[in-house]
file query19.csv (CSV, C-alpha atoms)
chain,number,residue,atom,x,y,z
A,1,MET,CA,32.3,5.6,18.7
A,2,LEU,CA,29.8,2.9,17.9
A,3,ALA,CA,29.4,0.9,14.7
A,4,VAL,CA,26.3,-1.2,13.9
A,5,ILE,CA,26.8,-3.9,11.3
A,6,MET,CA,23.8,-5.3,9.5
A,7,ALA,CA,24.4,-9.0,8.9
A,8,GLY,CA,20.9,-10.5,8.9
A,9,GLY,CA,20.3,-10.8,5.2
A,10,ARG,CA,19.9,-14.1,3.5
A,11,GLY,CA,22.5,-13.5,0.8
A,12,THR,CA,20.3,-14.9,-2.0
A,13,ARG,CA,22.3,-13.1,-4.7
A,14,LEU,CA,25.4,-14.9,-3.7
A,15,ALA,CA,24.0,-18.4,-3.9
A,16,PRO,CA,25.1,-21.1,-4.0
A,17,TYR,CA,28.0,-19.9,-1.7
A,18,THR,CA,25.5,-18.7,1.0
A,19,THR,CA,23.8,-22.1,1.2
A,20,VAL,CA,26.8,-23.0,3.4
A,21,LEU,CA,27.9,-19.8,5.1
A,22,PRO,CA,26.2,-16.5,5.9
A,23,LYS,CA,27.5,-13.8,3.5
A,24,PRO,CA,29.6,-11.9,6.2
A,25,LEU,CA,31.5,-15.1,6.8
A,26,MET,CA,32.4,-15.6,3.1
A,27,PRO,CA,36.2,-15.9,3.1
A,28,LEU,CA,38.7,-13.5,1.6
A,29,CYS,CA,41.7,-15.8,1.4
A,30,ASP,CA,42.3,-16.8,5.0
A,31,ARG,CA,39.7,-14.7,6.8
A,32,PRO,CA,36.0,-13.8,6.5
A,33,ILE,CA,35.0,-10.5,5.1
A,34,LEU,CA,33.4,-9.7,8.5
A,35,ASP,CA,36.8,-10.1,10.2
A,36,VAL,CA,38.4,-7.6,7.7
A,37,LEU,CA,35.6,-5.1,8.4
A,38,LEU,CA,35.8,-5.4,12.2
A,39,ARG,CA,39.6,-4.9,12.1
A,40,GLN,CA,39.2,-1.8,9.9
A,41,LEU,CA,36.6,-0.3,12.2
A,42,VAL,CA,38.7,-0.8,15.3
A,43,ARG,CA,41.7,0.6,13.4
A,44,ASP,CA,39.7,3.7,12.7
A,45,GLY,CA,38.7,4.3,16.3
A,46,VAL,CA,35.5,2.4,16.8
A,47,ASP,CA,35.4,1.3,20.4
A,48,GLU,CA,32.1,-0.7,20.3
A,49,VAL,CA,30.5,-2.9,17.6
A,50,ILE,CA,27.0,-4.3,17.5
A,51,ILE,CA,26.1,-6.8,14.9
A,52,SER,CA,22.5,-7.5,13.9
A,53,VAL,CA,21.8,-11.0,12.8
A,54,SER,CA,18.8,-13.2,12.1
A,55,PRO,CA,18.0,-16.3,14.1
A,56,LEU,CA,19.4,-18.4,11.2
A,57,SER,CA,22.8,-16.5,11.4
A,58,GLY,CA,23.9,-17.8,14.8
A,59,LEU,CA,27.1,-19.0,13.1
A,60,ILE,CA,28.2,-15.4,12.8
A,61,GLU,CA,28.1,-14.9,16.6
A,62,THR,CA,29.7,-18.3,17.1
A,63,TRP,CA,32.6,-17.4,14.8
A,64,VAL,CA,33.2,-14.0,16.4
A,65,ARG,CA,33.1,-15.4,19.9
A,66,HIS,CA,35.6,-18.2,19.2
A,67,HIS,CA,37.9,-16.5,16.6
A,68,GLY,CA,37.7,-12.8,17.0
A,69,ASP,CA,39.9,-10.8,19.4
A,70,TYR,CA,39.4,-7.2,18.5
A,71,GLY,CA,40.1,-5.4,21.8
A,72,VAL,CA,36.6,-3.8,21.9
A,73,PRO,CA,33.2,-5.1,22.9
A,74,VAL,CA,31.3,-6.9,20.1
A,75,GLY,CA,27.6,-7.4,20.9
A,76,PHE,CA,24.7,-9.0,19.0
A,77,VAL,CA,21.0,-8.2,18.5
A,78,TYR,CA,18.7,-10.7,16.8
A,79,GLU,CA,16.0,-10.0,14.3
A,80,ASP,CA,13.0,-12.2,15.2
A,81,ALA,CA,11.6,-11.4,11.7
A,82,PRO,CA,13.4,-9.8,8.7
A,83,LEU,CA,13.7,-6.0,9.3
A,84,GLY,CA,15.3,-4.9,6.1
A,85,THR,CA,18.7,-3.3,6.0
A,86,ALA,CA,17.9,-0.5,8.6
A,87,GLY,CA,15.0,-1.7,10.7
A,88,ALA,CA,17.3,-3.4,13.2
A,89,LEU,CA,18.6,-0.1,14.3
A,90,ARG,CA,15.5,0.2,16.4
A,91,ASN,CA,16.7,-2.8,18.4
A,92,VAL,CA,20.0,-1.2,19.3
A,93,ARG,CA,20.2,0.9,22.5
A,94,ARG,CA,20.2,4.6,21.6
A,95,PRO,CA,23.8,5.8,20.9
A,96,ASN,CA,25.1,8.8,22.8
A,97,SER,CA,26.5,10.4,19.7
A,98,THR,CA,27.1,10.0,16.0
A,99,PHE,CA,27.4,6.4,15.0
A,100,LEU,CA,28.3,4.3,12.0
A,101,ALA,CA,25.7,1.9,10.3
A,102,LEU,CA,26.9,-0.3,7.5
A,103,ASN,CA,26.2,-3.5,5.7
A,104,GLY,CA,28.3,-6.5,6.6
A,105,ASP,CA,29.3,-7.5,3.0
A,106,VAL,CA,31.4,-4.5,1.8
A,107,LEU,CA,35.1,-4.4,1.1
A,108,THR,CA,36.6,-0.9,1.1
A,109,THR,CA,39.5,1.3,2.1
A,110,LEU,CA,37.2,4.1,3.2
A,111,ASP,CA,38.4,6.0,6.3
A,112,PHE,CA,35.4,5.5,8.6
A,113,ARG,CA,36.5,8.3,10.9
A,114,ASP,CA,36.4,10.8,8.0
A,115,LEU,CA,32.8,9.8,7.3
A,116,LEU,CA,31.7,10.2,10.9
A,117,PHE,CA,33.5,13.5,11.4
A,118,ARG,CA,32.1,14.9,8.1
A,119,ASN,CA,28.6,14.2,9.4
A,120,GLN,CA,29.2,15.8,12.8
A,121,ALA,CA,30.7,18.9,11.1
A,122,SER,CA,27.8,19.3,8.7
A,123,GLY,CA,24.9,19.1,11.2
A,124,ALA,CA,23.1,16.6,9.0
A,125,ILE,CA,21.1,13.7,10.5
A,126,ALA,CA,23.0,11.3,8.2
A,127,THR,CA,25.8,11.2,5.6
A,128,MET,CA,25.9,8.4,3.0
A,129,ALA,CA,29.2,7.2,1.6
A,130,THR,CA,28.9,7.1,-2.2
A,131,LYS,CA,30.9,5.8,-5.2
A,132,ARG,CA,30.7,6.8,-8.8
A,133,ARG,CA,30.1,3.9,-11.1
A,134,SER,CA,29.9,3.7,-14.9
A,135,VAL,CA,27.8,1.3,-17.0
A,136,ASP,CA,28.3,0.7,-20.7
A,137,VAL,CA,25.0,0.6,-22.5
A,138,GLU,CA,25.0,-2.0,-25.3
A,139,TYR,CA,22.4,-0.3,-27.5
A,140,GLY,CA,21.9,3.0,-29.2
A,141,VAL,CA,20.0,5.3,-26.9
A,142,VAL,CA,17.2,7.4,-28.4
A,143,HIS,CA,16.1,10.7,-26.9
A,144,THR,CA,12.7,12.0,-28.0
A,145,ASP,CA,10.4,14.9,-27.1
A,146,GLY,CA,6.9,14.5,-25.7
A,147,GLU,CA,5.5,13.8,-29.1
A,148,GLY,CA,7.8,10.9,-30.0
A,149,ARG,CA,10.1,13.0,-32.3
A,150,VAL,CA,13.7,12.0,-32.3
A,151,ARG,CA,15.9,14.8,-30.8
A,152,ARG,CA,19.2,13.1,-30.1
A,153,LEU,CA,20.9,9.7,-30.6
A,154,GLU,CA,23.7,8.2,-28.5
A,155,GLU,CA,25.5,5.1,-29.8
A,156,LYS,CA,26.3,2.7,-27.0
A,157,PRO,CA,27.0,5.5,-24.4
A,158,GLU,CA,28.7,5.1,-21.0
A,159,MET,CA,26.4,6.2,-18.3
A,160,ALA,CA,27.7,7.3,-14.9
A,161,PHE,CA,25.8,6.9,-11.6
A,162,LEU,CA,26.4,7.9,-8.0
A,163,VAL,CA,25.7,4.7,-5.9
A,164,SER,CA,25.4,4.1,-2.2
A,165,MET,CA,28.2,2.2,-0.6
A,166,GLY,CA,26.0,0.8,2.1
A,167,ILE,CA,27.9,2.8,4.7
A,168,TYR,CA,26.4,5.7,6.7
A,169,ALA,CA,27.3,8.0,9.6
A,170,MET,CA,24.1,8.8,11.5
A,171,GLU,CA,22.9,10.9,14.4
A,172,PRO,CA,20.9,9.1,17.2
A,173,ALA,CA,17.7,11.0,16.3
A,174,ILE,CA,17.3,9.0,13.1
A,175,ILE,CA,16.4,5.9,15.1
A,176,GLU,CA,13.2,7.7,16.2
A,177,LEU,CA,12.0,7.6,12.6
A,178,ILE,CA,11.8,3.8,12.7
A,179,GLY,CA,8.7,2.1,14.1
A,180,GLU,CA,8.9,-0.7,16.6
A,181,GLY,CA,9.4,-3.9,14.7
A,182,GLU,CA,9.2,-2.1,11.3
A,183,ARG,CA,10.8,-3.5,8.3
A,184,ILE,CA,12.7,-0.7,6.5
A,185,ASP,CA,15.7,-0.4,4.2
A,186,PHE,CA,18.4,2.3,4.4
A,187,PRO,CA,17.2,4.1,1.2
A,188,ASP,CA,13.6,4.4,2.6
A,189,LEU,CA,14.9,5.6,6.0
A,190,VAL,CA,17.0,8.3,4.2
A,191,LEU,CA,14.0,9.5,2.3
A,192,ARG,CA,11.8,9.5,5.4
A,193,ALA,CA,14.4,11.7,7.2
A,194,ILE,CA,14.4,14.1,4.2
A,195,ASP,CA,10.6,14.2,4.2
A,196,ALA,CA,10.7,15.0,7.9
A,197,GLY,CA,12.8,18.1,7.2
A,198,HIS,CA,16.3,16.7,8.0
A,199,GLU,CA,19.4,17.2,6.0
A,200,VAL,CA,21.1,14.1,4.5
A,201,ASN,CA,24.5,14.5,2.9
A,202,THR,CA,26.8,12.4,0.8
A,203,LEU,CA,30.6,11.8,0.9
A,204,GLU,CA,31.8,10.8,-2.5
A,205,TYR,CA,34.7,8.3,-2.2
A,206,SER,CA,37.2,7.9,-4.9
A,207,GLY,CA,39.1,4.9,-3.4
A,208,TYR,CA,38.4,1.2,-3.4
A,209,TRP,CA,34.9,-0.2,-2.7
A,210,ARG,CA,33.2,-3.4,-3.7
A,211,ASP,CA,29.9,-4.9,-2.6
A,212,ILE,CA,30.3,-8.7,-2.5
A,213,GLY,CA,26.6,-9.3,-2.9
A,214,ASN,CA,27.0,-11.3,-6.2
A,215,ARG,CA,29.3,-14.0,-7.4
A,216,LEU,CA,31.4,-11.9,-9.9
A,217,ASP,CA,32.0,-9.1,-7.3
A,218,TYR,CA,32.9,-11.6,-4.6
A,219,GLU,CA,35.4,-13.5,-6.8
A,220,ALA,CA,36.9,-10.1,-7.9
A,221,ALA,CA,37.2,-9.1,-4.2
A,222,ILE,CA,39.1,-12.3,-3.4
A,223,SER,CA,41.7,-11.6,-6.1
A,224,GLU,CA,42.1,-8.0,-5.1
A,225,PHE,CA,42.4,-8.7,-1.4
A,226,GLU,CA,44.9,-11.6,-2.1
A,227,ALA,CA,47.0,-9.3,-4.2
A,228,ASP,CA,47.5,-6.7,-1.5
A,229,PRO,CA,45.9,-7.4,1.9
A,230,ASP,CA,47.9,-4.6,3.5
A,231,THR,CA,45.9,-2.1,1.5
A,232,PHE,CA,42.8,-3.2,3.5
A,233,LEU,CA,44.3,-4.1,6.8
A,234,GLY,CA,47.3,-1.7,7.1
A,235,LYS,CA,47.3,1.9,8.2
A,236,GLN,CA,46.1,4.4,5.6
call {"tool": "encode", "arguments": {"input": "query19.csv", "output": "structure tokens"}}
result
Amino acid sequence: MLAVIMAGGRGTRLAPYTTVLPKPLMPLCDRPILDVLLRQLVRDGVDEVIISVSPLSGLIETWVRHHGDYGVPVGFVYEDAPLGTAGALRNVRRPNSTFLALNGDVLTTLDFRDLLFRNQASGAIATMATKRRSVDVEYGVVHTDGEGRVRRLEEKPEMAFLVSMGIYAMEPAIIELIGEGERIDFPDLVLRAIDAGHEVNTLEYSGYWRDIGNRLDYEAAISEFEADPDTFLGKQ
């Protein structure tokens, strides 16, 4: 059971924090978020991890080599040029079976085994973990017909969206859809798989998930992790 963690991004949305540390090494209390993620993956049965990093992210490998003792092999592949969130999968040796691919900046209580098994059972080439989010619109929303006539008004509605959690279970065949050295993000890879006739499913998750890609979410994640670290590191 292989997991590939994408950790080569520059983390510009989290500046100025990321001028000092790569985003996956941003601390949650006494440990980097990458450490939390690695321990969760091993807890859920992953027996090998590969982390994709950029040449400027050597600090990530240094930290794992000196501080991490996870009981499973942790390898690294380097992106000579930015490859997007999914392009580095082409640099990983082809897995033998269903594998996990995920961003290195997510805090969640998702059961990774469940996601992987769901994909295997469905026969899809990939399954995307999703989360329902709501956004409060600060304005009155006007709905019109094709001629500009008002048909409906909504005063400051709440709009719900199904968003990607940045966590996927994938079959090895999806890697063949990525060109050598191609820069491609996960959404584009998913759409390419669909265009090629493959099935891509979703697993809607109702539990905790937060992307720490911006300052407000990162600071909230610190508070939530500090309040109950066993929720993230303990058995579920």
call {"tool": "atom_distance", "arguments": {"input": "query19.csv", "atom1": "atom CA of Gly104 of chain A", "atom2": "atom CA of Asp228 of chain A"}}
result
20.8 Å
call {"tool": "closest_residue", "arguments": {"input": "query19.csv", "among": "A:Gly84, A:Pro24, A:Pro187, A:Pro73", "to": "Ser57 of chain A", "atoms": "only C-alpha atoms"}}
result
A:Pro24
call {"tool": "atom_distance", "arguments": {"input": "query19.csv", "atom1": "atom CA of Leu83 of chain A", "atom2": "atom CA of His67 of chain A"}}
result
27.4 Å
call {"tool": "atom_distance", "arguments": {"input": "query19.csv", "atom1": "atom CA of Val92 of chain A", "atom2": "atom CA of Gly75 of chain A"}}
result
9.9 Å
call {"tool": "closest_residue", "arguments": {"input": "query19.csv", "among": "A:Val137, A:Ala169, A:Ile33, A:Met6", "to": "Ala86 of chain A", "atoms": "all atoms listed in the file"}}
result
A:Met6
call {"tool": "closest_atom_pairs", "arguments": {"input": "query19.csv", "of": "segment 51-128 of chain A", "to": "segment 201-218 of chain A", "cutoff": "7 Å", "atoms": "all atoms listed in the file", "output": "JSON lines"}}
result
{"residue": "A:Asp105", "atom": "CA", "partner": "A:Ile212", "partner_atom": "CA", "distance": 5.7}
{"residue": "A:Val106", "atom": "CA", "partner": "A:Asp211", "partner_atom": "CA", "distance": 4.7}
{"residue": "A:Leu107", "atom": "CA", "partner": "A:Arg210", "partner_atom": "CA", "distance": 5.3}
{"residue": "A:Thr108", "atom": "CA", "partner": "A:Trp209", "partner_atom": "CA", "distance": 4.2}
{"residue": "A:Thr109", "atom": "CA", "partner": "A:Tyr208", "partner_atom": "CA", "distance": 5.6}
{"residue": "A:Leu110", "atom": "CA", "partner": "A:Gly207", "partner_atom": "CA", "distance": 6.9}
{"residue": "A:Ala124", "atom": "CA", "partner": "A:Asn201", "partner_atom": "CA", "distance": 6.6}
{"residue": "A:Ala126", "atom": "CA", "partner": "A:Asn201", "partner_atom": "CA", "distance": 6.4}
{"residue": "A:Thr127", "atom": "CA", "partner": "A:Asn201", "partner_atom": "CA", "distance": 4.5}
{"residue": "A:Met128", "atom": "CA", "partner": "A:Thr202", "partner_atom": "CA", "distance": 4.7}
